[in-house]
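Participant: The structure's right below; bear with me while I get my questions together.
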Amino acid sequence: MSKLHVVAGAGPVGTTVAEQLAAQGHRVRVLTRSGSGPDHPGIERLRVDVNDPHALDDALTGPDGDSAVALYLCIHGSAYSAEAWKRELPAAEQVALDAAGRVGAVVVFPESLYSYSSPHEVMTEDSPRNATRGKLGVRARLLAARDAHSTPTVSVVASDFFGPHVLNAHAGERMVPTVLAGKTSRVLGSADTPHSFTYVPDLAAAMIAAAGNDGVWNRVLHAPTAPAVTQRELATAFTTAAGIPAPKVGTIPTWVVRAGAVVNSDMRELAETVYMFTDPFVMDSSRTEAALGLSPTPLADAADTTVRWWQDRAR
């Protein structure tokens, strides 16, 4: 039966969640401040600021008086900085949790690995999430606030994104169009250290499945994520999919990032997470895969779809 699902945010995750829901025949509303979002006959795009509780209440109610069954909160801070995140995200999440609670909807969050306090070990759903500093601490505190709220939630953790719609990411516009053009892709840290990369359609599928399964509510799940690869191997998967020679991959030394952090705030924020690319950074999603009956898309297939999306975009 068709149900009302509300997606806040139209970045790569929100867009993919909305498209998958619409493909399943659900009624979908996408909320953004600008009224943007995917162009699909099954998707209604509304101009809504999720910080406005009255507007959010209206958006969670259908024309026939029925209420949304799920709110997918796919928003992000206005800047990639701890200060912006502290200023904006806790308040926005509280408004969303309160509004969802009033209509009986579950709130589903895409989440990162930032809060994990033992990232040198393979990260599972049971790994400690006690980070305290900077952006890492903000994510840990957001998880704690969700857990303390009476509204049911699910936080679905993913590693670095790749896939259709993914632009501002290490495996987005910094890598894919570069290697497809035969140019050298310069990656952060090491090009040959294992790193987990999550295919965004797999994250979206897990978020939707979790919303419909109250047995996994009020838990932290891991998006189905294929075995870790190096950044060089990921770039090679893209060139293989395109049928072109193996890519040229160089590195941005960490000392350059740390030196730049002394004088540049953007570099300082990047330096905080450089450990993710200098050492093995690996997540395991097998438990969530079993709970939701999902599995990650094989890398070759994900790379092929990603390359075709970039080629279509270039045209």
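Each chain of the structure tokens is named A, B, ... in the order shown, its residues numbered from 1; ligands are numbered from 1 in display order.
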Taking only residues of range 118-186 of chain A that have an atom at most 10 Å from an atom of range 7-18 of chain A, what is each one's shortest atom pair and its distance in Å to one decimal, using only C-alpha atoms, in chain and number order, as JSON lines?

Facilitator:
```
{"residue": "A:Phe161", "atom": "CA", "partner": "A:Pro12", "partner_atom": "CA", "distance": 9.0}
{"residue": "A:Phe162", "atom": "CA", "partner": "A:Pro12", "partner_atom": "CA", "distance": 9.3}
{"residue": "A:Gly163", "atom": "CA", "partner": "A:Pro12", "partner_atom": "CA", "distance": 8.6}
{"residue": "A:Pro164", "atom": "CA", "partner": "A:Pro12", "partner_atom": "CA", "distance": 7.4}
{"residue": "A:His165", "atom": "CA", "partner": "A:Pro12", "partner_atom": "CA", "distance": 4.9}
{"residue": "A:Val166", "atom": "CA", "partner": "A:Pro12", "partner_atom": "CA", "distance": 5.4}
{"residue": "A:Leu167", "atom": "CA", "partner": "A:Pro12", "partner_atom": "CA", "distance": 8.0}
{"residue": "A:Asn168", "atom": "CA", "partner": "A:Pro12", "partner_atom": "CA", "distance": 9.5}
```

Participant: Near Asp301 in chain A, counting only C-alpha atoms, which residues have an atom at most 12 Å away, once you skip same-chain residues fewer than 6 positions from it, shown as a tab-separated table (two decimals) with C-alpha atoms, in the first residue's frame?

Facilitator:
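Dumped everything to result.tsv:
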```tsv
chain	number	residue	atom	x	y	z
A	163	GLY	CA	27.78	6.75	-6.96
A	199	TYR	CA	27.73	3.10	-2.75
A	201	PRO	CA	22.14	3.53	-3.61
A	226	ALA	CA	31.48	-3.87	-0.14
A	237	ALA	CA	37.37	0.21	-11.07
A	238	PHE	CA	36.12	3.41	-12.70
A	240	THR	CA	37.88	-0.44	-16.11
A	241	ALA	CA	34.15	0.32	-16.29
A	242	ALA	CA	34.89	3.00	-18.89
A	307	VAL	CA	30.70	6.00	-14.71
A	308	ARG	CA	27.58	6.00	-16.88
```

Participant: If you run DSSP on the backbone here, which positions in range 33-279 of chain A get alpha helix (DSSP H)? Please write them as a ChimeraX atom specification.

Facilitator: /A:53-59,82-103,134-148,176-180,200-211,231-242,254-261,265-271,275-278

Participant: Could you check the closest approach to Met283 in chain A for each of A:Arg268, A:His170, A:His120, A:Lys3 and tell me which residue wins, using only C-alpha atoms?

Facilitator: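 Distance minimum relative to Met283 in chain A lands on A:His120.
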
Participant: May I have all residues of range 52-207 of chain A that DSSP, computed from the backbone, assigns to strand (DSSP E or B), given as a ChimeraX atom specification?

Facilitator: /A:61,67,70-73,106-111,123,153-157,160-162,184-188,195,197-199

Participant: Taking into account only C-alpha atoms, which residue in the set A:Thr61, A:Thr198, A:Ser67, A:Thr273 is nearest to Glu111 in chain A?

Facilitator: A:Thr198

Participant: So that I can see what lies close to Ala223 in chain A, please list as a PyMOL selection string the residues with an atom at most 12 Å from it, counting only C-alpha atoms and leaving out residues fewer than 6 positions away in the same chain.

Facilitator: chain A and resi 109-113+124-125+154-161+196-210+283-297

Participant: Could you pull the residues within 8 Å of Met123 in chain A, counting only C-alpha atoms, minus those fewer than 3 positions along the same chain, as a list in words?

Facilitator: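 Returned residues: Tyr116, Ser118, Pro119, Asp126, Ser127, Val282, Met283 and Asp284 of chain A.
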
Participant: Using only C-alpha atoms, which of A:Leu299, A:Val6, A:Ala59, A:Met276 sits nearest Glu121 in chain A?

Facilitator: A:Met276

Participant: Counting only C-alpha atoms, which residues of range 146-250 of chain A fall within 12 Å of range 255-261 of chain A, and what is the closest atom pair for each with its distance in Å at one decimal, ordered by chain and rising number, as JSON lines?

Facilitator:
```
{"residue": "A:Val187", "atom": "CA", "partner": "A:Val257", "partner_atom": "CA", "distance": 11.8}
{"residue": "A:Leu188", "atom": "CA", "partner": "A:Val257", "partner_atom": "CA", "distance": 8.8}
{"residue": "A:Gly189", "atom": "CA", "partner": "A:Val257", "partner_atom": "CA", "distance": 9.4}
```

Participant: Next, write the just-selected residues to a file, as a CSV table (one decimal), in the first residue's frame, keeping all heavy atoms as the atom set.

Facilitator:
```csv
chain,number,residue,atom,x,y,z
A,187,VAL,N,45.0,11.8,-4.5
A,187,VAL,CA,44.1,11.4,-3.4
A,187,VAL,C,44.8,11.8,-2.1
A,187,VAL,O,46.0,12.0,-2.0
A,187,VAL,CB,43.8,9.9,-3.4
A,187,VAL,CG1,43.1,9.6,-4.7
A,187,VAL,CG2,45.1,9.1,-3.3
A,188,LEU,N,44.0,11.9,-1.1
A,188,LEU,CA,44.5,12.3,0.2
A,188,LEU,C,45.2,11.1,0.9
A,188,LEU,O,44.7,10.0,0.8
A,188,LEU,CB,43.4,12.8,1.1
A,188,LEU,CG,43.7,13.4,2.5
A,188,LEU,CD1,44.6,14.6,2.3
A,188,LEU,CD2,42.4,13.8,3.2
A,189,GLY,N,46.3,11.3,1.6
A,189,GLY,CA,46.9,10.3,2.4
A,189,GLY,C,47.6,9.3,1.5
A,189,GLY,O,48.4,9.6,0.7
```

Participant: What does the distance from CA of Asn51 in chain A to CA of Ala91 in chain A come to in Å, to one decimal?

Facilitator: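 Value for the CA of Asn51 in chain A-CA of Ala91 in chain A distance: 7.5 Å.
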
Participant: Which residues come within 9 Å of range 246-250 of chain A, counting only C-alpha atoms, excluding same-chain residues fewer than 3 positions away, as a ChimeraX atom specification?

Facilitator: /A:179-180,182-188,190-191,231-232,235-240

Participant: Quick one, how far is CA of Trp310 in chain A from CA of Gly243 in chain A?

Facilitator: 14.2 Å
